[in-house]
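Participant: For reference, the file entry-v7.txt (compact mmCIF, C-alpha atoms and all ligand atoms) is included below:
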```
# COMPACT_ATOMS: atom_id res chain seq x y z
CA MET A 1 -36.03 -24.89 -0.67
CA ILE A 2 -32.67 -23.65 0.66
CA LEU A 3 -32.44 -22.42 4.27
CA ILE A 4 -29.83 -19.72 4.94
CA THR A 5 -28.99 -19.50 8.65
CA GLY A 6 -27.27 -16.53 10.33
CA GLY A 7 -29.41 -14.35 8.08
CA ARG A 8 -28.06 -11.02 9.35
CA GLY A 9 -24.46 -11.98 8.61
CA ALA A 10 -22.36 -10.63 5.76
CA VAL A 11 -21.93 -14.01 4.04
CA ALA A 12 -25.63 -14.87 4.41
CA THR A 13 -26.69 -11.53 2.92
CA ASN A 14 -24.46 -11.87 -0.15
CA LEU A 15 -25.41 -15.53 -0.57
CA LEU A 16 -29.11 -14.65 -0.59
CA SER A 17 -28.62 -12.28 -3.55
CA LEU A 18 -26.70 -14.93 -5.51
CA LEU A 19 -29.29 -17.65 -4.92
CA LEU A 20 -32.20 -15.37 -5.79
CA ALA A 21 -30.43 -14.26 -8.98
CA ASP A 22 -30.51 -17.80 -10.31
CA GLY A 23 -34.04 -18.48 -9.23
CA HIS A 24 -33.69 -20.69 -6.14
CA ALA A 25 -36.42 -20.80 -3.52
CA VAL A 26 -34.81 -19.49 -0.34
CA ARG A 27 -35.90 -19.08 3.29
CA VAL A 28 -33.81 -16.88 5.58
CA GLY A 29 -33.37 -17.94 9.20
CA SER A 30 -32.04 -15.63 11.88
CA GLY A 31 -31.90 -15.35 15.65
CA ARG A 32 -33.51 -11.92 15.12
CA PRO A 33 -35.69 -12.15 11.99
CA ASP A 34 -37.29 -8.80 12.90
CA GLN A 35 -33.94 -7.18 12.04
CA LEU A 36 -33.68 -8.69 8.55
CA GLU A 37 -34.16 -6.52 5.49
CA LEU A 38 -35.28 -8.93 2.79
CA PRO A 39 -36.39 -8.48 -0.82
CA ASP A 40 -40.12 -8.89 -1.49
CA GLY A 41 -41.23 -12.51 -1.65
CA VAL A 42 -38.43 -13.94 0.54
CA SER A 43 -39.70 -15.48 3.75
CA ALA A 44 -37.97 -15.05 7.10
CA VAL A 45 -38.10 -17.51 9.98
CA THR A 46 -36.76 -17.56 13.50
CA CYS A 47 -33.76 -19.90 13.50
CA ASP A 48 -31.69 -19.45 16.62
CA LEU A 49 -28.90 -22.02 16.43
CA ARG A 50 -28.81 -22.07 20.25
CA ASP A 51 -32.55 -22.80 20.56
CA PRO A 52 -33.69 -26.17 19.13
CA THR A 53 -37.36 -25.27 19.53
CA THR A 54 -36.89 -22.97 16.53
CA PHE A 55 -35.52 -25.74 14.29
CA PRO A 56 -38.70 -27.61 13.14
CA ALA A 57 -40.39 -24.57 11.58
CA ALA A 58 -37.11 -23.33 10.07
CA LEU A 59 -36.35 -26.70 8.46
CA ALA A 60 -39.82 -27.77 7.27
CA GLY A 61 -39.71 -28.44 3.51
CA VAL A 62 -35.99 -27.60 3.27
CA THR A 63 -33.61 -29.68 1.08
CA SER A 64 -30.33 -27.75 1.55
CA VAL A 65 -28.96 -25.62 4.39
CA PHE A 66 -26.24 -22.99 4.65
CA LEU A 67 -25.20 -23.34 8.27
CA TYR A 68 -23.22 -21.02 10.55
CA ALA A 69 -20.87 -22.88 12.89
CA GLU A 70 -22.67 -22.81 16.23
CA PRO A 71 -21.98 -26.07 18.03
CA ALA A 72 -24.28 -25.58 21.06
CA CYS A 73 -27.25 -27.56 19.65
CA ILE A 74 -25.72 -29.14 16.55
CA THR A 75 -26.97 -32.63 17.47
CA GLU A 76 -30.55 -31.38 17.71
CA PHE A 77 -30.09 -29.49 14.43
CA VAL A 78 -28.99 -32.67 12.62
CA THR A 79 -31.87 -34.69 14.13
CA THR A 80 -34.48 -32.15 13.04
CA ALA A 81 -32.86 -31.71 9.61
CA THR A 82 -32.92 -35.47 9.11
CA GLU A 83 -36.61 -35.65 10.05
CA ALA A 84 -37.34 -32.78 7.66
CA GLY A 85 -35.62 -34.60 4.76
CA VAL A 86 -32.64 -32.25 4.36
CA GLU A 87 -30.24 -33.70 1.78
CA HIS A 88 -27.26 -31.36 2.03
CA ILE A 89 -25.67 -29.03 4.59
CA VAL A 90 -22.89 -26.55 3.75
CA LEU A 91 -21.10 -25.51 6.94
CA LEU A 92 -19.30 -22.17 7.26
CA SER A 93 -16.36 -23.30 9.37
CA SER A 94 -12.94 -21.66 9.71
CA SER A 95 -9.34 -22.33 8.71
CA SER A 96 -8.54 -22.05 12.43
CA VAL A 97 -9.44 -25.75 12.67
CA LEU A 98 -6.31 -26.52 10.62
CA ASP A 99 -4.12 -25.17 13.41
CA PRO A 100 -2.98 -28.07 15.60
CA ASP A 101 -2.68 -25.72 18.60
CA THR A 102 -6.42 -25.54 19.25
CA ASN A 103 -7.73 -22.27 20.71
CA PRO A 104 -11.32 -21.30 21.64
CA VAL A 105 -12.02 -19.91 18.16
CA ALA A 106 -10.90 -23.14 16.51
CA LYS A 107 -12.66 -25.30 19.08
CA SER A 108 -16.16 -23.96 18.41
CA HIS A 109 -15.71 -24.54 14.66
CA LEU A 110 -14.20 -27.96 15.20
CA ASP A 111 -17.11 -28.91 17.48
CA ALA A 112 -19.57 -27.84 14.78
CA GLU A 113 -17.70 -29.95 12.19
CA LEU A 114 -17.61 -32.94 14.55
CA GLY A 115 -21.31 -32.52 15.27
CA LEU A 116 -21.96 -33.08 11.56
CA ALA A 117 -19.50 -35.95 11.13
CA ASP A 118 -22.11 -38.72 11.44
CA ALA A 119 -24.99 -36.83 9.85
CA PRO A 120 -26.89 -38.95 7.31
CA MET A 121 -27.14 -36.19 4.70
CA ALA A 122 -24.26 -34.88 2.53
CA VAL A 123 -22.11 -32.37 4.44
CA SER A 124 -19.76 -29.92 2.71
CA VAL A 125 -17.39 -27.75 4.74
CA LEU A 126 -15.92 -24.36 3.87
CA ARG A 127 -12.93 -23.32 5.99
CA PRO A 128 -12.19 -19.66 5.24
CA GLY A 129 -9.31 -17.69 6.69
CA ALA A 130 -9.69 -14.04 7.73
CA PHE A 131 -12.65 -12.08 6.41
CA ALA A 132 -11.60 -8.78 4.79
CA GLY A 133 -14.65 -7.34 6.56
CA ASN A 134 -12.81 -7.65 9.88
CA ALA A 135 -11.33 -4.29 8.84
CA ARG A 136 -14.71 -2.78 9.73
CA GLY A 137 -13.51 -3.06 13.34
CA TRP A 138 -10.93 -0.34 12.58
CA SER A 139 -13.38 2.11 11.02
CA PHE A 140 -14.31 4.01 14.20
CA SER A 141 -10.66 4.79 15.00
CA ILE A 142 -9.89 5.73 11.39
CA LYS A 143 -12.96 7.94 10.99
CA THR A 144 -12.24 9.75 14.27
CA ASP A 145 -8.50 10.19 13.50
CA ARG A 146 -7.49 7.98 16.40
CA PRO A 147 -4.71 5.40 16.21
CA VAL A 148 -5.77 1.80 15.66
CA ALA A 149 -4.78 -0.24 18.73
CA LEU A 150 -3.02 -3.43 17.68
CA PRO A 151 -1.25 -5.94 19.94
CA TYR A 152 0.42 -7.68 16.97
CA PRO A 153 0.76 -5.19 14.05
CA ASN A 154 2.99 -7.61 12.16
CA ALA A 155 0.65 -10.58 12.38
CA TYR A 156 -0.21 -11.84 8.91
CA ALA A 157 -3.71 -12.65 7.61
CA ASP A 158 -5.23 -13.60 4.26
CA PRO A 159 -8.14 -11.16 3.86
CA ILE A 160 -11.01 -12.69 1.85
CA HIS A 161 -13.68 -10.54 0.23
CA GLU A 162 -17.16 -11.46 1.56
CA LEU A 163 -18.41 -11.75 -2.03
CA ASP A 164 -15.82 -14.44 -2.74
CA ILE A 165 -16.94 -16.35 0.37
CA ALA A 166 -20.59 -16.07 -0.67
CA GLU A 167 -19.77 -17.16 -4.24
CA ALA A 168 -17.81 -20.13 -2.89
CA VAL A 169 -20.78 -21.19 -0.74
CA HIS A 170 -23.11 -20.66 -3.71
CA ALA A 171 -21.00 -23.07 -5.80
CA MET A 172 -20.95 -25.63 -2.98
CA LEU A 173 -24.73 -25.45 -2.60
CA THR A 174 -25.60 -25.56 -6.28
CA GLU A 175 -22.87 -27.54 -8.11
CA PRO A 176 -23.03 -31.29 -7.38
CA GLU A 177 -19.27 -31.90 -7.82
CA HIS A 178 -18.57 -29.98 -4.60
CA ARG A 179 -21.04 -31.99 -2.50
CA GLY A 180 -19.30 -33.63 0.48
CA GLU A 181 -16.01 -31.76 -0.08
CA VAL A 182 -13.96 -29.77 2.44
CA TYR A 183 -12.33 -26.57 1.15
CA HIS A 184 -9.72 -24.25 2.68
CA LEU A 185 -10.47 -20.77 1.32
CA THR A 186 -8.05 -17.83 1.51
CA GLY A 187 -7.69 -14.40 0.02
CA PRO A 188 -5.11 -13.93 -2.77
CA GLN A 189 -2.39 -12.32 -0.62
CA THR A 190 -0.92 -12.63 2.84
CA LEU A 191 -0.75 -9.16 4.43
CA THR A 192 0.25 -7.97 7.88
CA PHE A 193 -2.23 -5.78 9.77
CA THR A 194 0.20 -2.89 9.18
CA ALA A 195 0.16 -3.52 5.42
CA GLN A 196 -3.67 -3.69 5.45
CA LEU A 197 -3.86 -0.35 7.26
CA ASP A 198 -1.31 1.19 4.86
CA LEU A 199 -3.55 0.13 1.96
CA ILE A 200 -6.62 1.63 3.65
CA ALA A 201 -4.72 4.91 4.11
CA GLU A 202 -3.52 4.90 0.49
CA LEU A 203 -6.91 4.13 -1.06
CA THR A 204 -9.11 6.26 1.20
CA GLY A 205 -6.72 9.21 1.47
CA ARG A 206 -7.12 9.16 5.26
CA SER A 207 -4.28 9.34 7.73
CA VAL A 208 -4.02 6.01 9.58
CA THR A 209 -1.73 5.44 12.55
CA ILE A 210 -1.14 2.41 14.75
CA ASP A 211 -0.88 2.27 18.53
CA HIS A 212 1.19 -0.86 19.28
CA VAL A 213 -0.47 -1.90 22.57
CA THR A 214 0.25 -4.83 24.87
CA PRO A 215 -2.05 -7.86 24.70
CA ASP A 216 -3.32 -6.97 28.21
CA THR A 217 -4.24 -3.42 27.16
CA TRP A 218 -6.02 -4.70 24.05
CA ARG A 219 -7.93 -7.30 26.10
CA GLN A 220 -9.08 -4.60 28.54
CA GLU A 221 -10.11 -2.21 25.75
CA MET A 222 -12.13 -4.97 24.05
CA ALA A 223 -13.73 -6.34 27.26
CA GLU A 224 -17.01 -4.59 26.48
CA TYR A 225 -17.27 -6.14 23.00
CA ILE A 226 -15.48 -9.51 23.01
CA PRO A 227 -15.90 -12.28 25.64
CA ALA A 228 -12.64 -12.84 27.56
CA HIS A 229 -12.04 -16.42 26.41
CA TYR A 230 -12.62 -15.40 22.78
CA ALA A 231 -10.28 -12.39 23.12
CA ASP A 232 -7.62 -14.71 24.54
CA GLY A 233 -8.13 -17.07 21.59
CA LEU A 234 -7.64 -14.21 19.12
CA LEU A 235 -4.54 -12.93 20.94
CA ASP A 236 -3.08 -16.39 20.99
CA TYR A 237 -3.81 -16.81 17.27
CA TRP A 238 -2.29 -13.43 16.31
CA ARG A 239 0.81 -14.14 18.42
CA ARG A 240 1.40 -17.26 16.37
CA CYS A 241 0.78 -15.35 13.08
CA ASP A 242 3.22 -12.59 14.11
CA GLY A 243 5.80 -12.37 11.32
CA VAL A 244 4.52 -15.62 9.80
CA PRO A 245 3.00 -15.29 6.30
CA THR A 246 -0.29 -17.16 5.83
CA VAL A 247 -0.41 -20.07 3.39
CA ILE A 248 -2.50 -19.02 0.36
CA THR A 249 -4.78 -21.38 -1.60
CA ASP A 250 -6.40 -21.05 -5.04
CA THR A 251 -9.78 -22.32 -3.79
CA VAL A 252 -11.66 -19.15 -4.74
CA ALA A 253 -10.68 -19.77 -8.37
CA THR A 254 -11.52 -23.48 -8.12
CA LEU A 255 -15.00 -22.77 -6.77
CA THR A 256 -15.91 -19.56 -8.59
CA GLY A 257 -13.89 -19.67 -11.83
CA HIS A 258 -12.30 -16.27 -11.22
CA PRO A 259 -9.27 -15.06 -9.21
CA ALA A 260 -9.87 -14.04 -5.62
CA ARG A 261 -10.69 -10.37 -5.09
CA THR A 262 -7.84 -8.47 -3.41
CA PHE A 263 -7.95 -6.53 -0.15
CA ALA A 264 -7.64 -3.37 -2.27
CA ASP A 265 -10.81 -4.46 -4.12
CA TRP A 266 -12.56 -4.85 -0.75
CA ILE A 267 -11.51 -1.35 0.37
CA ARG A 268 -12.76 0.17 -2.91
CA ASP A 269 -16.06 -1.76 -2.68
CA ASN A 270 -16.53 -0.67 0.94
CA ALA A 271 -15.26 2.91 0.81
CA ALA A 272 -18.33 4.01 2.77
CA VAL A 273 -17.04 2.08 5.81
CA PHE A 274 -14.23 4.64 6.24
CA ALA A 275 -16.02 7.75 4.94
CA VAL A 276 -16.98 10.42 7.49
N1 LIG B 301 -14.51 -13.04 10.68
C1 LIG B 301 -13.60 -13.92 10.26
O1 LIG B 301 -12.44 -13.59 9.97
C2 LIG B 301 -13.99 -15.37 10.12
C3 LIG B 301 -13.02 -16.27 9.67
C4 LIG B 301 -13.38 -17.60 9.51
C5 LIG B 301 -14.66 -18.00 9.78
N2 LIG B 301 -15.58 -17.12 10.23
C6 LIG B 301 -16.94 -17.61 10.51
O2 LIG B 301 -17.87 -16.80 9.84
C7 LIG B 301 -18.92 -16.40 10.72
C8 LIG B 301 -19.43 -15.03 10.34
O3 LIG B 301 -18.41 -14.17 10.63
P1 LIG B 301 -18.58 -12.60 10.59
O4 LIG B 301 -17.46 -12.05 11.35
O5 LIG B 301 -18.73 -12.13 9.20
O6 LIG B 301 -19.91 -12.33 11.38
P2 LIG B 301 -21.29 -11.62 10.94
O7 LIG B 301 -21.33 -11.39 9.49
O8 LIG B 301 -21.41 -10.46 11.82
O9 LIG B 301 -22.35 -12.71 11.28
C9 LIG B 301 -22.37 -13.49 12.42
C10 LIG B 301 -23.79 -13.88 12.79
O10 LIG B 301 -24.05 -13.27 14.03
C11 LIG B 301 -25.43 -12.96 14.16
N3 LIG B 301 -25.53 -11.60 14.64
C12 LIG B 301 -25.66 -11.31 15.93
N4 LIG B 301 -25.74 -9.99 16.11
C13 LIG B 301 -25.65 -9.42 14.88
C14 LIG B 301 -25.68 -8.08 14.40
N5 LIG B 301 -25.83 -7.03 15.22
N6 LIG B 301 -25.55 -7.86 13.07
C15 LIG B 301 -25.38 -8.89 12.23
N7 LIG B 301 -25.38 -10.18 12.64
C16 LIG B 301 -25.50 -10.44 13.95
C17 LIG B 301 -26.08 -13.17 12.81
O11 LIG B 301 -26.90 -14.33 12.87
P3 LIG B 301 -28.47 -14.19 13.12
O12 LIG B 301 -29.03 -13.37 12.02
O13 LIG B 301 -28.96 -15.61 13.13
O14 LIG B 301 -28.66 -13.58 14.47
C18 LIG B 301 -24.87 -13.39 11.87
O15 LIG B 301 -25.07 -14.34 10.89
C19 LIG B 301 -18.30 -16.46 12.10
O16 LIG B 301 -19.27 -16.67 13.07
C20 LIG B 301 -17.30 -17.58 11.98
O17 LIG B 301 -17.96 -18.79 12.30
C21 LIG B 301 -15.27 -15.81 10.39
```
Go ahead and render the structure in this file as structure tokens.

Facilitator:
Amino acid sequence: MILITGGRGAVATNLLSLLLADGHAVRVGSGRPDQLELPDGVSAVTCDLRDPTTFPAALAGVTSVFLYAEPACITEFVTTATEAGVEHIVLLSSSSVLDPDTNPVAKSHLDAELGLADAPMAVSVLRPGAFAGNARGWSFSIKTDRPVALPYPNAYADPIHELDIAEAVHAMLTEPEHRGEVYHLTGPQTLTFTAQLDLIAELTGRSVTIDHVTPDTWRQEMAEYIPAHYADGLLDYWRRCDGVPTVITDTVATLTGHPARTFADWIRDNAAVFAV
């Protein structure tokens, strides 16, 4: 039995489809299982990675886990997984841990990785860069013909299609040669935020403009949605990516056997995100 944590997430949802397609027994854990929409026959369980009392039921009978990087109770998670007989954990970490100038985003992922360092079972780690799906955050502005507020329009990222991330995790869970490995996953191109928005405009036919705001203005506008320390971490990260192309890897091809999907592919596959 494979336990997928973070069940409502984009990677978890795509991973579930892939595992079901090749016949694996899967249980989906979520902090809010009532909000899951699962195919018939797939069981849901409460698995709140900040609440260890939910771990025993989630992990009973499980041999492999796809784990979101929540460090708060990682020690308790490993203890319960060990008692349950879990043999393999695949952690969804982040390429932010590769940055020597540790910020709050990197720290939480690094803490999750460190929490698994002495675990007795096999641990595999996926460190993706920027999810292409982050562009969903621009959809409200684009759909309402408002400018997209960006503090660092020329910051580079490496947008990765969620399907490529899910396929990479699928390979790590199911192909023994990847067991215990650590992979840095990127999209196929390094693109500034401006270039990403230009592509969205070109492929959706919508007019997209940018409001180049100060970091302080952006922090205030996001205060309702993003905790202050996390917003500061993002701003700090983007400042360091400003004008600096992201290093690209071929890990999608190594893990999946096909080239990474482009950001243009993601826009075409998610046209509904920007449709009015
Ligand atoms: N976004 C990036 O660029 C990026 C880059 C590198 C690494 N990562 C890692 O990947 C993880 C997933 O990133 P994401 O941005 O794609 O987040 P996401 O798909 O929205 O999922 C994050 C998790 O948050 C929980 N959640 C809470 N409220 C939710 C809601 N209303 N709808 C859906 N899920 C909700 C879900 O877990 P429950 O179902 O258990 O509540 C879900 O698995 C991040 O937490 C980070 O560790 C992200």

Participant: Per residue of chain A within 9 Å of ligand LIG 301 (chain B), record the nearest atom pair and its distance in Å to one decimal, counting only C-alpha atoms and all ligand atoms, with rows in chain order and ascending residue number, as JSON lines.

Facilitator:
```
{"residue": "A:Thr5", "atom": "CA", "partner": "B:LIG301", "partner_atom": "O13", "distance": 5.9}
{"residue": "A:Gly6", "atom": "CA", "partner": "B:LIG301", "partner_atom": "O15", "distance": 3.2}
{"residue": "A:Gly7", "atom": "CA", "partner": "B:LIG301", "partner_atom": "O12", "distance": 4.1}
{"residue": "A:Arg8", "atom": "CA", "partner": "B:LIG301", "partner_atom": "O12", "distance": 3.7}
{"residue": "A:Gly9", "atom": "CA", "partner": "B:LIG301", "partner_atom": "O7", "distance": 3.3}
{"residue": "A:Ala10", "atom": "CA", "partner": "B:LIG301", "partner_atom": "O7", "distance": 3.9}
{"residue": "A:Val11", "atom": "CA", "partner": "B:LIG301", "partner_atom": "O7", "distance": 6.1}
{"residue": "A:Ala12", "atom": "CA", "partner": "B:LIG301", "partner_atom": "O15", "distance": 6.5}
{"residue": "A:Thr13", "atom": "CA", "partner": "B:LIG301", "partner_atom": "O7", "distance": 8.5}
{"residue": "A:Val28", "atom": "CA", "partner": "B:LIG301", "partner_atom": "O12", "distance": 8.8}
{"residue": "A:Gly29", "atom": "CA", "partner": "B:LIG301", "partner_atom": "O13", "distance": 6.3}
{"residue": "A:Ser30", "atom": "CA", "partner": "B:LIG301", "partner_atom": "O13", "distance": 3.3}
{"residue": "A:Gly31", "atom": "CA", "partner": "B:LIG301", "partner_atom": "O14", "distance": 3.9}
{"residue": "A:Arg32", "atom": "CA", "partner": "B:LIG301", "partner_atom": "O14", "distance": 5.2}
{"residue": "A:Pro33", "atom": "CA", "partner": "B:LIG301", "partner_atom": "O12", "distance": 6.8}
{"residue": "A:Gln35", "atom": "CA", "partner": "B:LIG301", "partner_atom": "O12", "distance": 7.9}
{"residue": "A:Leu36", "atom": "CA", "partner": "B:LIG301", "partner_atom": "O12", "distance": 7.5}
{"residue": "A:Thr46", "atom": "CA", "partner": "B:LIG301", "partner_atom": "O13", "distance": 8.0}
{"residue": "A:Cys47", "atom": "CA", "partner": "B:LIG301", "partner_atom": "O13", "distance": 6.4}
{"residue": "A:Asp48", "atom": "CA", "partner": "B:LIG301", "partner_atom": "O13", "distance": 5.9}
{"residue": "A:Leu49", "atom": "CA", "partner": "B:LIG301", "partner_atom": "O13", "distance": 7.2}
{"residue": "A:Tyr68", "atom": "CA", "partner": "B:LIG301", "partner_atom": "O17", "distance": 6.0}
{"residue": "A:Ala69", "atom": "CA", "partner": "B:LIG301", "partner_atom": "O17", "distance": 5.1}
{"residue": "A:Glu70", "atom": "CA", "partner": "B:LIG301", "partner_atom": "O17", "distance": 7.3}
{"residue": "A:Leu92", "atom": "CA", "partner": "B:LIG301", "partner_atom": "C6", "distance": 6.1}
{"residue": "A:Ser93", "atom": "CA", "partner": "B:LIG301", "partner_atom": "C5", "distance": 5.6}
{"residue": "A:Ser94", "atom": "CA", "partner": "B:LIG301", "partner_atom": "C5", "distance": 4.0}
{"residue": "A:Ser95", "atom": "CA", "partner": "B:LIG301", "partner_atom": "C4", "distance": 6.3}
{"residue": "A:Ser96", "atom": "CA", "partner": "B:LIG301", "partner_atom": "C4", "distance": 7.2}
{"residue": "A:Val105", "atom": "CA", "partner": "B:LIG301", "partner_atom": "O17", "distance": 8.4}
{"residue": "A:Ser108", "atom": "CA", "partner": "B:LIG301", "partner_atom": "O17", "distance": 8.2}
{"residue": "A:His109", "atom": "CA", "partner": "B:LIG301", "partner_atom": "O17", "distance": 6.6}
{"residue": "A:Leu126", "atom": "CA", "partner": "B:LIG301", "partner_atom": "C5", "distance": 8.8}
{"residue": "A:Arg127", "atom": "CA", "partner": "B:LIG301", "partner_atom": "C4", "distance": 6.7}
{"residue": "A:Pro128", "atom": "CA", "partner": "B:LIG301", "partner_atom": "C4", "distance": 4.9}
{"residue": "A:Gly129", "atom": "CA", "partner": "B:LIG301", "partner_atom": "C4", "distance": 5.0}
{"residue": "A:Ala130", "atom": "CA", "partner": "B:LIG301", "partner_atom": "O1", "distance": 3.6}
{"residue": "A:Phe131", "atom": "CA", "partner": "B:LIG301", "partner_atom": "O1", "distance": 3.9}
{"residue": "A:Ala132", "atom": "CA", "partner": "B:LIG301", "partner_atom": "O1", "distance": 7.1}
{"residue": "A:Gly133", "atom": "CA", "partner": "B:LIG301", "partner_atom": "O5", "distance": 6.8}
{"residue": "A:Asn134", "atom": "CA", "partner": "B:LIG301", "partner_atom": "N1", "distance": 5.7}
{"residue": "A:Pro159", "atom": "CA", "partner": "B:LIG301", "partner_atom": "O1", "distance": 7.9}
{"residue": "A:Ile160", "atom": "CA", "partner": "B:LIG301", "partner_atom": "O1", "distance": 8.3}
{"residue": "A:Glu162", "atom": "CA", "partner": "B:LIG301", "partner_atom": "O5", "distance": 7.8}
```

Participant: Out of A:Ala155, A:Val86, A:Ala72, A:Leu197, which residue has the shortest atom-to-atom distance to A:Leu59 when counting only C-alpha atoms?

Facilitator: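 That would be A:Val86, the residue with the smallest distance to A:Leu59.
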
Participant: Please, what is the axis-aligned box for every listed atom of stretch 2-9 of chain A with 6 Å on each side, as centre and edge lengths in Å to one decimal, as lines of an AutoDock Vina configuration file?

Facilitator:
```
center_x = -28.6
center_y = -17.3
center_z = 5.5
size_x = 20.2
size_y = 24.6
size_z = 21.7
```

Participant: Sorted by chain and rising residue number, list the residues of stretch 161-192 of chain A at most 12 Å from stretch 144-154 of chain A (counting all atoms listed in the file), each with its closest atom pair and distance in Å to one decimal, as JSON lines.

Facilitator:
```
{"residue": "A:Thr190", "atom": "CA", "partner": "A:Asn154", "partner_atom": "CA", "distance": 11.3}
{"residue": "A:Leu191", "atom": "CA", "partner": "A:Asn154", "partner_atom": "CA", "distance": 8.7}
{"residue": "A:Thr192", "atom": "CA", "partner": "A:Asn154", "partner_atom": "CA", "distance": 5.1}
```

Participant: Need to verify the contact set: A:Thr63, 12 Å, all atoms listed in the file, exclusion of same-chain residues closer than 2 positions in sequence. Can you return it as a VMD selection string?

Facilitator: chain A and resid 1 to 4 24 to 27 58 to 61 65 to 66 81 to 90 121 to 122 173 to 174

Participant: Point out the residue among A:Leu116, A:Val252, A:Val273, A:Leu199 with the least atom-to-atom distance to A:Gly187, counting only C-alpha atoms.

Facilitator: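 The shortest atom-to-atom distance to A:Gly187 comes from A:Val252.
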
Participant: Measure the distance from atom CA of A:Ala57 to atom CA of A:Glu76 in Å and round it to one decimal.

Facilitator: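 These two atoms are separated by 13.4 Å.
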
Participant: How many Å separate atom CA of A:Gln196 from atom CA of A:Arg136?

Facilitator: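 Atom CA of A:Arg136 lies at a distance of 11.9 Å from atom CA of A:Gln196.
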
Participant: Quick one: pull the distance between atom CA of A:Asn14 and atom CA of A:Leu234, Å, one decimal.

Facilitator: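 Value for the atom CA of A:Asn14-atom CA of A:Leu234 distance: 25.7 Å.
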
Participant: When distances are computed from only C-alpha atoms, which of A:His170, A:Arg239, A:Arg50, A:Arg219 shows the smallest separation from A:Ala21?

Facilitator: A:His170

Participant: Of the candidates A:Glu181, A:Asp198, A:Asp216, A:Asp164, which one gets nearest to A:Ala260 if we count only C-alpha atoms?

Facilitator: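 With only C-alpha atoms as the atom set, the closest residue is A:Asp164.
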
Participant: Pick out the closest residue to A:Ile210 from this set: A:Val244, A:Ser141, A:Trp266, A:Met222. Count all atoms listed in the file.

Facilitator: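 Of the candidates, the smallest distance to A:Ile210 is held by A:Ser141.
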